[in-house]
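The next block is model07.cif, given as mmCIF, C-alpha atoms.
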```cif
data_start
loop_
_atom_site.label_atom_id
_atom_site.label_comp_id
_atom_site.auth_asym_id
_atom_site.auth_seq_id
_atom_site.Cartn_x
_atom_site.Cartn_y
_atom_site.Cartn_z
CA MET A 1 79.08 96.04 -13.58
CA ASN A 2 81.13 94.84 -10.65
CA SER A 3 84.20 92.77 -11.44
CA ASP A 4 82.49 89.64 -10.05
CA ASP A 5 79.36 89.99 -12.19
CA PRO A 6 78.51 86.45 -13.38
CA ARG A 7 77.87 87.72 -16.91
CA ILE A 8 81.56 88.55 -17.43
CA VAL A 9 83.60 86.44 -15.01
CA THR A 10 84.24 83.78 -17.68
CA LEU A 11 85.51 86.32 -20.25
CA GLU A 12 88.86 87.12 -18.57
CA LEU A 13 87.86 90.78 -18.90
CA ARG A 14 88.98 91.59 -15.37
CA GLU A 15 92.50 90.30 -16.03
CA VAL A 16 92.78 92.28 -19.26
CA ILE A 17 91.57 95.54 -17.71
CA GLU A 18 93.72 95.25 -14.59
CA ARG A 19 96.78 94.45 -16.70
CA GLU A 20 96.23 97.49 -18.93
CA TYR A 21 95.04 99.96 -16.30
CA GLY A 22 97.23 99.39 -13.29
CA GLN A 23 95.54 96.62 -11.31
CA ARG A 24 92.24 98.38 -10.78
CA TRP A 25 88.65 97.95 -11.94
CA PRO A 26 87.00 101.07 -13.50
CA LYS A 27 85.41 103.40 -10.99
CA PRO A 28 81.76 104.58 -11.28
CA GLY A 29 81.56 107.08 -14.13
CA GLU A 30 84.49 105.57 -16.03
CA GLU A 31 83.94 103.51 -19.16
CA ILE A 32 85.94 100.82 -20.91
CA VAL A 33 85.41 100.65 -24.67
CA LEU A 34 85.86 97.32 -26.45
CA ASN A 35 86.75 97.64 -30.12
CA VAL A 36 85.16 94.66 -31.90
CA THR A 37 87.15 93.87 -35.03
CA SER A 38 85.06 91.00 -36.39
CA ALA A 39 81.82 89.13 -35.75
CA GLY A 40 79.82 86.42 -37.44
CA PRO A 41 76.30 85.02 -37.29
CA LEU A 42 75.45 82.14 -34.98
CA PRO A 43 75.08 78.91 -37.01
CA ALA A 44 71.43 77.95 -37.43
CA ALA A 45 70.05 75.26 -35.14
CA GLN A 46 69.44 71.95 -36.91
CA ASN A 47 65.99 71.70 -35.31
CA SER A 48 64.14 74.98 -34.76
CA THR A 49 61.59 73.38 -32.44
CA ALA A 50 64.24 71.68 -30.29
CA PRO A 51 67.26 74.02 -30.45
CA PRO A 52 70.29 73.91 -28.14
CA ILE A 53 70.01 76.21 -25.13
CA ARG A 54 72.94 78.25 -26.47
CA HIS A 55 71.00 79.25 -29.59
CA VAL A 56 68.02 80.41 -27.53
CA ALA A 57 70.17 82.32 -25.04
CA LEU A 58 72.23 84.13 -27.71
CA ASP A 59 69.41 84.90 -30.13
CA PRO A 60 66.16 85.03 -28.10
CA GLY A 61 64.45 87.36 -30.56
CA LYS A 62 64.51 84.62 -33.17
CA PHE A 63 62.56 82.30 -30.84
CA GLU A 64 60.35 84.83 -29.01
CA GLY A 65 56.79 83.48 -28.70
CA SER A 66 57.71 80.12 -30.23
CA ARG A 67 56.92 76.81 -28.58
CA ILE A 68 60.14 74.82 -28.28
CA THR A 69 61.66 71.93 -26.35
CA VAL A 70 65.11 72.22 -24.75
CA VAL A 71 67.33 69.79 -22.87
CA GLY A 72 69.61 70.99 -20.10
CA GLN A 73 71.08 70.38 -16.67
CA PHE A 74 68.96 71.37 -13.70
CA ARG A 75 70.78 74.18 -11.83
CA GLY A 76 68.22 75.01 -9.15
CA ARG A 77 67.20 78.58 -8.43
CA ASN A 78 70.39 80.01 -9.92
CA LEU A 79 72.44 78.16 -7.30
CA TYR A 80 75.63 78.52 -9.37
CA ALA A 81 75.09 82.15 -10.43
CA ASP A 82 74.70 81.17 -14.09
CA LEU A 83 72.45 84.20 -14.68
CA PRO A 84 72.42 87.74 -13.22
CA ASP A 85 68.79 87.92 -12.06
CA ALA A 86 65.41 86.17 -12.11
CA PRO A 87 62.43 87.06 -14.34
CA THR A 88 59.89 86.52 -11.53
CA GLY A 89 59.83 85.99 -7.78
CA ALA A 90 58.22 82.54 -7.96
CA ARG A 91 59.93 80.06 -5.65
CA ASP A 92 59.76 77.18 -8.17
CA ASP A 93 61.55 78.99 -11.02
CA PHE A 94 64.83 77.31 -11.93
CA VAL A 95 67.77 77.52 -14.33
CA LEU A 96 68.70 75.12 -17.12
CA ARG A 97 72.25 75.03 -18.42
CA SER A 98 73.97 73.28 -21.30
CA GLY A 99 77.59 73.95 -22.13
CA ASP A 100 78.32 77.66 -21.74
CA ALA A 101 74.70 78.90 -21.90
CA ALA A 102 71.78 79.02 -19.50
CA LEU A 103 68.19 80.24 -19.31
CA TRP A 104 65.37 80.39 -16.78
CA VAL A 105 62.28 78.16 -16.67
CA THR A 106 59.07 79.52 -15.14
CA GLY A 107 55.53 78.26 -14.74
CA VAL A 108 56.33 74.58 -14.23
CA ARG A 109 57.58 72.85 -11.09
CA PRO A 110 60.75 70.74 -11.36
CA ARG A 111 58.96 67.50 -10.64
CA GLY A 112 57.37 64.70 -12.60
CA LYS A 113 57.38 60.95 -13.07
CA GLY A 114 60.23 59.54 -11.00
CA PHE A 115 61.73 62.85 -9.82
CA SER A 116 61.09 65.84 -7.57
CA PHE A 117 63.85 68.45 -7.45
CA ASP A 118 64.28 71.17 -4.81
CA PRO A 119 65.31 74.47 -6.49
CA THR A 120 66.99 75.67 -3.27
CA ARG A 121 69.41 72.71 -2.94
CA ARG A 122 72.34 71.55 -5.04
CA VAL A 123 71.76 67.84 -4.46
CA ASP A 124 69.80 67.44 -7.73
CA THR A 125 71.84 69.82 -9.88
CA GLY A 126 73.47 68.17 -12.84
CA ARG A 127 70.45 65.98 -13.64
CA TRP A 128 69.26 66.38 -17.22
CA VAL A 129 65.66 67.30 -18.00
CA ARG A 130 63.60 68.11 -21.08
CA VAL A 131 61.35 71.18 -20.84
CA ALA A 132 58.68 72.30 -23.31
CA GLY A 133 57.26 75.81 -23.34
CA THR A 134 57.22 79.27 -24.90
CA VAL A 135 60.29 81.50 -25.20
CA ARG A 136 60.21 84.95 -23.60
CA HIS A 137 62.89 87.58 -23.06
CA GLY A 138 63.22 91.00 -21.47
CA ARG A 139 65.47 93.04 -19.15
CA GLY A 140 68.46 91.13 -20.47
CA LEU A 141 66.98 87.79 -19.39
CA VAL A 142 65.77 84.82 -21.42
CA TRP A 143 63.27 82.32 -20.06
CA ILE A 144 60.82 79.62 -21.06
CA GLU A 145 57.25 79.67 -19.82
CA GLY A 146 57.18 75.94 -19.24
CA THR A 147 54.24 73.62 -19.86
CA SER A 148 55.89 70.24 -19.24
CA ILE A 149 59.05 68.70 -17.84
CA GLU A 150 60.53 65.20 -17.85
CA LEU A 151 63.83 63.47 -17.20
CA ALA A 152 66.21 63.26 -20.17
CA GLU A 153 69.58 61.93 -21.21
CA ALA A 154 72.52 64.24 -21.84
CA PRO A 155 72.56 65.45 -25.47
CA THR A 156 74.91 63.69 -27.86
CA GLU A 157 76.15 66.86 -29.54
CA ASP A 158 79.59 68.12 -28.53
CA VAL A 159 79.04 71.01 -26.13
CA ALA A 160 81.62 72.97 -24.18
CA GLU A 161 81.43 72.23 -20.48
CA LEU A 162 82.61 74.45 -17.65
CA VAL A 163 86.04 73.61 -16.32
CA GLY A 164 86.88 74.01 -12.66
CA PRO A 165 84.70 74.66 -9.61
CA PRO A 166 81.33 76.43 -9.96
CA LEU A 167 81.32 80.19 -9.71
CA PRO A 168 80.50 81.61 -6.29
CA PRO A 169 77.10 83.28 -6.03
CA PRO A 170 77.01 87.08 -6.36
CA PRO A 171 77.31 88.84 -3.00
CA LEU A 172 74.29 89.71 -0.88
CA ASP A 173 74.33 93.40 0.05
CA VAL A 174 72.13 95.94 1.82
CA VAL A 175 71.13 98.64 -0.68
CA PHE A 176 68.73 100.77 1.39
CA THR A 177 67.55 101.25 4.97
CA SER A 178 64.83 103.29 6.62
CA PRO A 179 65.67 104.88 8.99
CA SER A 180 69.10 105.57 7.56
CA ASP A 181 72.27 105.11 9.55
CA GLY A 182 72.78 108.04 11.91
CA GLU A 183 69.26 109.44 11.45
CA GLY A 184 67.73 111.29 14.40
CA ASP A 185 64.25 112.16 15.67
CA VAL A 186 62.82 108.86 14.43
CA PRO A 187 59.14 108.25 15.44
CA LEU A 188 58.74 105.81 18.30
CA ASP A 189 56.53 103.38 16.37
CA SER A 190 58.55 103.55 13.14
CA PRO A 191 59.22 100.16 11.48
CA ILE A 192 62.73 99.40 10.29
CA ARG A 193 62.98 98.55 6.58
CA VAL A 194 66.03 96.99 4.95
CA GLN A 195 66.26 96.31 1.22
CA PHE A 196 68.73 93.77 -0.16
CA SER A 197 70.41 93.36 -3.53
CA ARG A 198 69.26 89.73 -3.85
CA ASP A 199 66.88 87.22 -2.28
CA LEU A 200 67.24 86.56 1.45
CA ASP A 201 66.94 83.26 3.32
CA VAL A 202 64.73 84.57 6.12
CA ALA A 203 65.38 81.47 8.23
CA SER A 204 69.06 82.44 8.41
CA LEU A 205 68.11 85.51 10.47
CA THR A 206 67.41 83.32 13.51
CA ASP A 207 69.85 84.35 16.27
CA ARG A 208 71.69 86.54 13.73
CA LEU A 209 69.52 89.67 13.82
CA ARG A 210 69.85 91.73 16.96
CA ILE A 211 68.29 95.03 18.06
CA THR A 212 69.34 96.88 21.19
CA ALA A 213 68.39 100.26 22.64
CA SER A 214 69.96 102.55 25.23
CA PRO A 215 69.51 106.14 26.38
CA ILE A 216 71.25 108.67 24.14
CA ASP A 217 73.48 109.69 27.06
CA ALA A 218 74.50 106.05 27.66
CA ALA A 219 78.10 106.93 26.85
CA GLN A 220 78.36 108.67 30.21
CA PRO A 221 79.96 106.73 33.11
CA GLY A 222 77.42 104.68 35.03
CA ALA A 223 74.80 104.89 32.29
CA THR A 224 72.30 102.08 31.68
CA PRO A 225 73.70 99.35 29.37
CA PRO A 226 71.85 98.57 26.12
CA THR A 227 68.77 96.37 26.43
CA ALA A 228 67.50 93.83 23.87
CA VAL A 229 64.44 94.81 21.82
CA ALA A 230 61.84 92.14 20.92
CA PHE A 231 60.64 92.28 17.31
CA GLY A 232 58.97 90.48 14.43
CA VAL A 233 59.90 90.43 10.75
CA SER A 234 58.12 90.16 7.40
CA TRP A 235 59.73 89.58 3.98
CA THR A 236 58.51 90.89 0.61
CA PRO A 237 60.20 88.85 -2.18
CA VAL A 238 59.20 91.15 -5.05
CA THR A 239 61.07 94.15 -3.61
CA ARG A 240 63.57 92.07 -1.59
CA ALA A 241 62.60 94.13 1.44
CA LEU A 242 62.67 93.08 5.09
CA GLU A 243 60.41 94.91 7.53
CA ILE A 244 61.29 94.74 11.22
CA ARG A 245 58.63 95.79 13.74
CA PRO A 246 59.40 96.01 17.47
CA THR A 247 56.68 94.44 19.60
CA GLN A 248 56.51 97.66 21.65
CA PRO A 249 57.18 101.28 20.58
CA PHE A 250 60.65 102.58 21.30
CA GLU A 251 61.29 104.82 24.29
CA PRO A 252 61.90 108.53 23.67
CA PHE A 253 65.46 109.75 23.15
CA GLN A 254 67.11 106.39 22.74
CA ARG A 255 69.94 105.18 20.59
CA VAL A 256 68.78 102.10 18.64
CA ARG A 257 71.25 99.69 17.05
CA VAL A 258 70.30 97.05 14.46
CA GLU A 259 72.87 94.32 13.75
CA PHE A 260 72.94 91.58 11.10
CA LEU A 261 75.53 89.12 12.39
CA GLU A 262 77.71 86.72 10.41
CA GLY A 263 75.79 83.84 8.85
CA VAL A 264 72.90 85.70 7.22
CA ARG A 265 72.66 84.40 3.65
CA GLY A 266 70.62 84.07 0.49
CA PRO A 267 68.88 80.88 -0.76
CA ASP A 268 71.91 80.11 -2.95
CA GLY A 269 74.38 80.44 -0.06
CA ALA A 270 75.52 84.00 -0.81
CA GLN A 271 76.73 85.51 2.47
CA LEU A 272 75.84 88.93 3.84
CA ARG A 273 78.82 90.66 5.37
CA PRO A 274 78.07 91.70 8.98
CA PHE A 275 76.07 94.92 8.78
CA SER A 276 74.75 97.37 11.35
CA LEU A 277 72.97 100.71 11.54
CA SER A 278 71.98 102.98 14.38
CA PHE A 279 69.51 105.82 14.78
CA ALA A 280 68.05 107.99 17.55
CA THR A 281 64.39 108.23 18.54
CA GLY A 282 62.71 111.56 19.10
CA ALA A 283 60.22 112.88 21.65
CA GLY A 284 57.40 110.96 23.28
CA ARG A 285 54.73 111.11 20.56
CA SER A 286 54.56 108.31 18.03
CA ARG A 287 53.70 108.88 14.37
CA ALA A 288 50.21 107.42 14.85
CA VAL A 289 49.44 109.75 17.78
CA ALA A 290 50.90 112.79 16.09
CA GLY A 291 48.71 112.20 13.04
CA ARG A 292 45.39 112.30 14.89
#
```

Encoded form (C-alpha cells):
Amino acid sequence: MNSDDPRIVTLELREVIEREYGQRWPKPGEEIVLNVTSAGPLPAAQNSTAPPIRHVALDPGKFEGSRITVVGQFRGRNLYADLPDAPTGARDDFVLRSGDAALWVTGVRPRGKGFSFDPTRRVDTGRWVRVAGTVRHGRGLVWIEGTSIELAEAPTEDVAELVGPPLPPPPLDVVFTSPSDGEGDVPLDSPIRVQFSRDLDVASLTDRLRITASPIDAAQPGATPPTAVAFGVSWTPVTRALEIRPTQPFEPFQRVRVEFLEGVRGPDGAQLRPFSLSFATGAGRSRAVAGR
C-alpha cells in the first residue's frame, strides 16, 4: 500500500512507521509486521435486518446474501475516497457512509420521491438515505445490490463522525502505455493506448491532451519545428484505458510526443500530474499494409 491509501490514512500508521524507521515509508519488497496483542468480537447488531453500516462493513460474511436495510450518508461515487475501489464500472454506483464505516451501493439509482442525486458531484453528499438490498462482498469490497432507496433521517444511535476536512481522493496515475516511452520503429497507423490507475474524466482532456510530431533529425539547426497531430479518443471504463487514434497515419521516421497537461482529472477531482511520452515511427509501411 502507498502511504496515502484511504484504507489506512485514519489509523496513524504512517506516523508510527516514520517515527520508528527514520522518516520513510517501507520500500517495495519490505514488510512491516504488526503484533496484535488483543482482539474482541464485534457486538451483535440489535436488528439483523437493519444493521448499522459498520457491522456490515466489518463482518460482511455474516450478512452475505441477506436482504437488509441500511441508513447512511450519500457520498457520491466515492467522492471522498471512503473506499479503495469500486465493485463495478456502473456510473450510478455510489457510496454510503455512517460514522467510520462505508460500503458501496449498486443496481439502484440515487433518485426517488423528492430527490435526485448526482454521484459525480458533492452538492448532495451528506444527505441521509435508506437503501434496501442484498449484501455482497469480494476483492476486499463490501456492497449492497440495491432494490430500493428513499430519503431518511440521521440515525439516533451514537456514531463516531469524521473530524476535520474530508480526505483527498487517491492520486490518478498512468500505469501503462503502448507504445512505451522511448520506443522506436512504431508502425505508422499504431494507436496510442494509456491505462490509468483510476477512472478518468474524459471531458477534462479538452485542450489538455496534445500530440506533436517532428522529423527524427529535428534537433539539427534549421530543422522543421514540431507540428500538431489531429486525433480522436475513446475510453473503456472497465479497463480504465484511453485509446488515442490520429486521424491520419504518422509519417515515417518521426519523433512523436504525447502530452497530458495540468488539469486532467478523475470524476472525484483527483488530479493527474503532467505526463508525457515520446516514441519514434519506423519505415513507410503501416501495420495494416505489412500484414497483407

Each side padded by 8 Å, which centre and which edge lengths in Å (one decimal) define the axis-aligned box around the listed atoms of range 43-59 of chain A? Give them as lines of an AutoDock Vina configuration file.
```
center_x = 68.3
center_y = 78.3
center_z = -31.2
size_x = 29.5
size_y = 29.2
size_z = 28.4
```

* **Picked residues, the PyMOL selection byres ((chain A and resi 249) around 8), as a VMD selection string** => chain A and resid 188 to 190 246 to 248 250 to 251 286

* Decode the PyMOL selection byres ((chain A and resi 199) around 7) for the given file into explicit residues and return them as a PyMOL selection string. => chain A and resi 198+200-201+237+240+266-267

* **Pick from A:Ile144, A:Leu205, A:Val233, A:Leu272, whichever lies nearest to Val175 in chain A using only C-alpha atoms** =>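 Checking each candidate against Val175 in chain A, we get A:Leu272 as the closest.
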
* List, as a VMD selection string, every residue that the PyMOL selection byres ((chain A and resi 106) around 9) selects in the file provided. => chain A and resid 87 to 88 90 92 to 95 104 to 105 107 to 109 143 to 147

* To do: Grab the CA of Arg208 in chain A to CA of Pro179 in chain A distance for me, in Å with one decimal place.
  =>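 So the two atoms, CA of Arg208 in chain A and CA of Pro179 in chain A, lie 19.9 Å apart.
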
* **All residues 8 Å or closer to Ser204 in chain A, all atoms listed in the file, same chain fewer than 4 positions away omitted, as an MDAnalysis selection string** => chainID A and resid 208 263:265

* Nearest residue to Leu172 in chain A from the set A:Thr156, A:Thr134, A:Thr37, A:Gln271 (distances using only C-alpha atoms) ->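 Checking each candidate against Leu172 in chain A, we get A:Gln271 as the closest.
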
* To do: Would you work out the distance separating CA of Val142 in chain A from CA of Ala57 in chain A, expressed in Å to one decimal?
  =>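 About the pair CA of Val142 in chain A and CA of Ala57 in chain A: they are 6.2 Å apart.
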
* Who sits within 12 Å of range 27-30 of chain A, all atoms listed in the file, same chain under 2 positions skipped, as a VMD selection string -> chain A and resid 1 to 3 21 24 to 25 32 to 33

Restricting the output to C-alpha atoms, write the selected residues as a compact mmCIF listing (two decimals), keeping the file's coordinate frame.
```txt
# COMPACT_ATOMS: atom_id res chain seq x y z
CA MET A 1 79.08 96.04 -13.58
CA ASN A 2 81.13 94.84 -10.65
CA SER A 3 84.20 92.77 -11.44
CA TYR A 21 95.04 99.96 -16.30
CA ARG A 24 92.24 98.38 -10.78
CA TRP A 25 88.65 97.95 -11.94
CA ILE A 32 85.94 100.82 -20.91
CA VAL A 33 85.41 100.65 -24.67
```

* Asked: If we count all atoms listed in the file, what is near Gly140 in chain A at a cut-off of 10 Å, once residues fewer than 6 positions away on the same chain are taken out, given as a list in words?
  ->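 Returned residues: Leu83, Pro84, Asp85 and Pro87 of chain A.
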
* In Å, how far is it from CA of Ala81 in chain A to CA of Pro170 in chain A? ->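 Computing the Euclidean distance for CA of Ala81 in chain A and CA of Pro170 in chain A yields 6.7 Å.
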
* Asked: If you count all atoms listed in the file, which residues fall within 12 Å of Glu243 in chain A, apart from same-chain ones fewer than 5 positions away, as a list in words?
  ->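 Non-adjacent residues within range: Phe176, Thr177, Ser178, Pro179, Ser190, Pro191, Ile192, Arg193, Val194, Gln195, Phe196, Val202, Phe231, Gly232, Val233, Ser234, Trp235, Thr236 and Pro237 of chain A.
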
Restricted to C-alpha atoms, what would the selected residues look like written as a compact mmCIF listing (two decimals), in the coordinates of the input?
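Once everything was written out, this is result.txt:
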```txt
# COMPACT_ATOMS: atom_id res chain seq x y z
CA PHE A 176 68.73 100.77 1.39
CA THR A 177 67.55 101.25 4.97
CA SER A 178 64.83 103.29 6.62
CA PRO A 179 65.67 104.88 8.99
CA SER A 190 58.55 103.55 13.14
CA PRO A 191 59.22 100.16 11.48
CA ILE A 192 62.73 99.40 10.29
CA ARG A 193 62.98 98.55 6.58
CA VAL A 194 66.03 96.99 4.95
CA GLN A 195 66.26 96.31 1.22
CA PHE A 196 68.73 93.77 -0.16
CA VAL A 202 64.73 84.57 6.12
CA PHE A 231 60.64 92.28 17.31
CA GLY A 232 58.97 90.48 14.43
CA VAL A 233 59.90 90.43 10.75
CA SER A 234 58.12 90.16 7.40
CA TRP A 235 59.73 89.58 3.98
CA THR A 236 58.51 90.89 0.61
CA PRO A 237 60.20 88.85 -2.18
```

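The smallest atom-to-atom distance between Ser197 in chain A and any of A:Thr224, A:Gly138, A:Val229, A:Ala270, using all atoms listed in the file, is found for A:Ala270.
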
So that I can see what lies close to range 67-71 of chain A, please list as a JSON list (two decimals) with C-alpha atoms, in the coordinates of the input the residues with an atom at most 12 Å from it, counting only C-alpha atoms and leaving out residues fewer than 4 positions away in the same chain.
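Resulting contents of selection_11.json:
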```
[["chain", "number", "residue", "atom", "x", "y", "z"],
["A", 45, "ALA", "CA", 70.05, 75.26, -35.14],
["A", 47, "ASN", "CA", 65.99, 71.70, -35.31],
["A", 48, "SER", "CA", 64.14, 74.98, -34.76],
["A", 49, "THR", "CA", 61.59, 73.38, -32.44],
["A", 50, "ALA", "CA", 64.24, 71.68, -30.29],
["A", 51, "PRO", "CA", 67.26, 74.02, -30.45],
["A", 52, "PRO", "CA", 70.29, 73.91, -28.14],
["A", 53, "ILE", "CA", 70.01, 76.21, -25.13],
["A", 54, "ARG", "CA", 72.94, 78.25, -26.47],
["A", 55, "HIS", "CA", 71.00, 79.25, -29.59],
["A", 56, "VAL", "CA", 68.02, 80.41, -27.53],
["A", 57, "ALA", "CA", 70.17, 82.32, -25.04],
["A", 60, "PRO", "CA", 66.16, 85.03, -28.10],
["A", 62, "LYS", "CA", 64.51, 84.62, -33.17],
["A", 63, "PHE", "CA", 62.56, 82.30, -30.84],
["A", 95, "VAL", "CA", 67.77, 77.52, -14.33],
["A", 96, "LEU", "CA", 68.70, 75.12, -17.12],
["A", 97, "ARG", "CA", 72.25, 75.03, -18.42],
["A", 98, "SER", "CA", 73.97, 73.28, -21.30],
["A", 99, "GLY", "CA", 77.59, 73.95, -22.13],
["A", 101, "ALA", "CA", 74.70, 78.90, -21.90],
["A", 102, "ALA", "CA", 71.78, 79.02, -19.50],
["A", 103, "LEU", "CA", 68.19, 80.24, -19.31],
["A", 104, "TRP", "CA", 65.37, 80.39, -16.78],
["A", 105, "VAL", "CA", 62.28, 78.16, -16.67],
["A", 126, "GLY", "CA", 73.47, 68.17, -12.84],
["A", 127, "ARG", "CA", 70.45, 65.98, -13.64],
["A", 128, "TRP", "CA", 69.26, 66.38, -17.22],
["A", 129, "VAL", "CA", 65.66, 67.30, -18.00],
["A", 130, "ARG", "CA", 63.60, 68.11, -21.08],
["A", 131, "VAL", "CA", 61.35, 71.18, -20.84],
["A", 132, "ALA", "CA", 58.68, 72.30, -23.31],
["A", 133, "GLY", "CA", 57.26, 75.81, -23.34],
["A", 134, "THR", "CA", 57.22, 79.27, -24.90],
["A", 135, "VAL", "CA", 60.29, 81.50, -25.20],
["A", 136, "ARG", "CA", 60.21, 84.95, -23.60],
["A", 143, "TRP", "CA", 63.27, 82.32, -20.06],
["A", 144, "ILE", "CA", 60.82, 79.62, -21.06],
["A", 145, "GLU", "CA", 57.25, 79.67, -19.82],
["A", 146, "GLY", "CA", 57.18, 75.94, -19.24],
["A", 147, "THR", "CA", 54.24, 73.62, -19.86],
["A", 148, "SER", "CA", 55.89, 70.24, -19.24],
["A", 149, "ILE", "CA", 59.05, 68.70, -17.84],
["A", 150, "GLU", "CA", 60.53, 65.20, -17.85],
["A", 151, "LEU", "CA", 63.83, 63.47, -17.20],
["A", 152, "ALA", "CA", 66.21, 63.26, -20.17],
["A", 153, "GLU", "CA", 69.58, 61.93, -21.21],
["A", 154, "ALA", "CA", 72.52, 64.24, -21.84],
["A", 155, "PRO", "CA", 72.56, 65.45, -25.47],
["A", 156, "THR", "CA", 74.91, 63.69, -27.86],
["A", 157, "GLU", "CA", 76.15, 66.86, -29.54]]
```

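With only C-alpha atoms as the atoms that count, the residue of A:Gly114, A:Gly269, A:Pro119, A:Pro43 with the shortest distance to Arg91 in chain A is A:Pro119.
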
* Could you check which of A:Pro26, A:Gly76, A:Pro171, A:Pro215 is closest to Leu13 in chain A, using all atoms listed in the file? => A:Pro26

* To do: Measuring atom to atom with only C-alpha atoms, identify which of A:Leu261, A:Val256, A:Ala241, A:Leu58 is nearest to Thr227 in chain A.
  =>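 For Thr227 in chain A, the nearest of the candidates is A:Val256.
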
Mind rebuilding range 15-34 of chain A with N, CA and C atoms and writing that out as a PDB file, in the coordinates of the input?
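Listing of out_29.pdb after writing:
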```
ATOM      1  N   GLU A  15      91.052  90.418 -15.904  1.00  0.00           N
ATOM      2  CA  GLU A  15      92.500  90.300 -16.030  1.00  0.00           C
ATOM      3  C   GLU A  15      93.051  91.258 -17.069  1.00  0.00           C
ATOM      4  N   VAL A  16      92.323  91.379 -18.194  1.00  0.00           N
ATOM      5  CA  VAL A  16      92.780  92.280 -19.260  1.00  0.00           C
ATOM      6  C   VAL A  16      92.773  93.723 -18.783  1.00  0.00           C
ATOM      7  N   ILE A  17      91.691  94.144 -18.156  1.00  0.00           N
ATOM      8  CA  ILE A  17      91.570  95.540 -17.710  1.00  0.00           C
ATOM      9  C   ILE A  17      92.608  95.856 -16.637  1.00  0.00           C
ATOM     10  N   GLU A  18      92.765  94.968 -15.669  1.00  0.00           N
ATOM     11  CA  GLU A  18      93.720  95.250 -14.590  1.00  0.00           C
ATOM     12  C   GLU A  18      95.155  95.248 -15.104  1.00  0.00           C
ATOM     13  N   ARG A  19      95.430  94.455 -16.123  1.00  0.00           N
ATOM     14  CA  ARG A  19      96.780  94.450 -16.700  1.00  0.00           C
ATOM     15  C   ARG A  19      97.062  95.763 -17.437  1.00  0.00           C
ATOM     16  N   GLU A  20      96.039  96.287 -18.131  1.00  0.00           N
ATOM     17  CA  GLU A  20      96.230  97.490 -18.930  1.00  0.00           C
ATOM     18  C   GLU A  20      96.095  98.778 -18.125  1.00  0.00           C
ATOM     19  N   TYR A  21      95.355  98.722 -17.023  1.00  0.00           N
ATOM     20  CA  TYR A  21      95.040  99.960 -16.300  1.00  0.00           C
ATOM     21  C   TYR A  21      95.495  99.929 -14.845  1.00  0.00           C
ATOM     22  N   GLY A  22      96.604  99.259 -14.599  1.00  0.00           N
ATOM     23  CA  GLY A  22      97.230  99.390 -13.290  1.00  0.00           C
ATOM     24  C   GLY A  22      96.532  98.669 -12.156  1.00  0.00           C
ATOM     25  N   GLN A  23      96.090  97.442 -12.393  1.00  0.00           N
ATOM     26  CA  GLN A  23      95.540  96.620 -11.310  1.00  0.00           C
ATOM     27  C   GLN A  23      94.320  97.223 -10.636  1.00  0.00           C
ATOM     28  N   ARG A  24      93.459  97.866 -11.390  1.00  0.00           N
ATOM     29  CA  ARG A  24      92.240  98.380 -10.780  1.00  0.00           C
ATOM     30  C   ARG A  24      91.068  98.249 -11.743  1.00  0.00           C
ATOM     31  N   TRP A  25      89.896  98.017 -11.170  1.00  0.00           N
ATOM     32  CA  TRP A  25      88.650  97.950 -11.940  1.00  0.00           C
ATOM     33  C   TRP A  25      88.136  99.374 -12.139  1.00  0.00           C
ATOM     34  N   PRO A  26      87.499  99.695 -13.275  1.00  0.00           N
ATOM     35  CA  PRO A  26      87.000 101.070 -13.500  1.00  0.00           C
ATOM     36  C   PRO A  26      86.086 101.540 -12.381  1.00  0.00           C
ATOM     37  N   LYS A  27      86.246 102.797 -12.014  1.00  0.00           N
ATOM     38  CA  LYS A  27      85.410 103.400 -10.990  1.00  0.00           C
ATOM     39  C   LYS A  27      84.070 103.829 -11.593  1.00  0.00           C
ATOM     40  N   PRO A  28      83.038 104.072 -10.753  1.00  0.00           N
ATOM     41  CA  PRO A  28      81.760 104.580 -11.280  1.00  0.00           C
ATOM     42  C   PRO A  28      81.988 105.858 -12.086  1.00  0.00           C
ATOM     43  N   GLY A  29      81.386 105.916 -13.258  1.00  0.00           N
ATOM     44  CA  GLY A  29      81.560 107.080 -14.130  1.00  0.00           C
ATOM     45  C   GLY A  29      82.604 106.862 -15.203  1.00  0.00           C
ATOM     46  N   GLU A  30      83.498 105.888 -15.013  1.00  0.00           N
ATOM     47  CA  GLU A  30      84.490 105.570 -16.030  1.00  0.00           C
ATOM     48  C   GLU A  30      83.943 104.492 -16.965  1.00  0.00           C
ATOM     49  N   GLU A  31      84.411 104.481 -18.178  1.00  0.00           N
ATOM     50  CA  GLU A  31      83.940 103.510 -19.160  1.00  0.00           C
ATOM     51  C   GLU A  31      85.124 102.839 -19.837  1.00  0.00           C
ATOM     52  N   ILE A  32      84.969 101.561 -20.103  1.00  0.00           N
ATOM     53  CA  ILE A  32      85.940 100.820 -20.910  1.00  0.00           C
ATOM     54  C   ILE A  32      85.271 100.532 -22.250  1.00  0.00           C
ATOM     55  N   VAL A  33      85.953 100.864 -23.337  1.00  0.00           N
ATOM     56  CA  VAL A  33      85.410 100.650 -24.670  1.00  0.00           C
ATOM     57  C   VAL A  33      86.107  99.439 -25.292  1.00  0.00           C
ATOM     58  N   LEU A  34      85.327  98.478 -25.749  1.00  0.00           N
ATOM     59  CA  LEU A  34      85.860  97.320 -26.450  1.00  0.00           C
ATOM     60  C   LEU A  34      85.693  97.517 -27.951  1.00  0.00           C
TER      61      LEU A  34
END
```
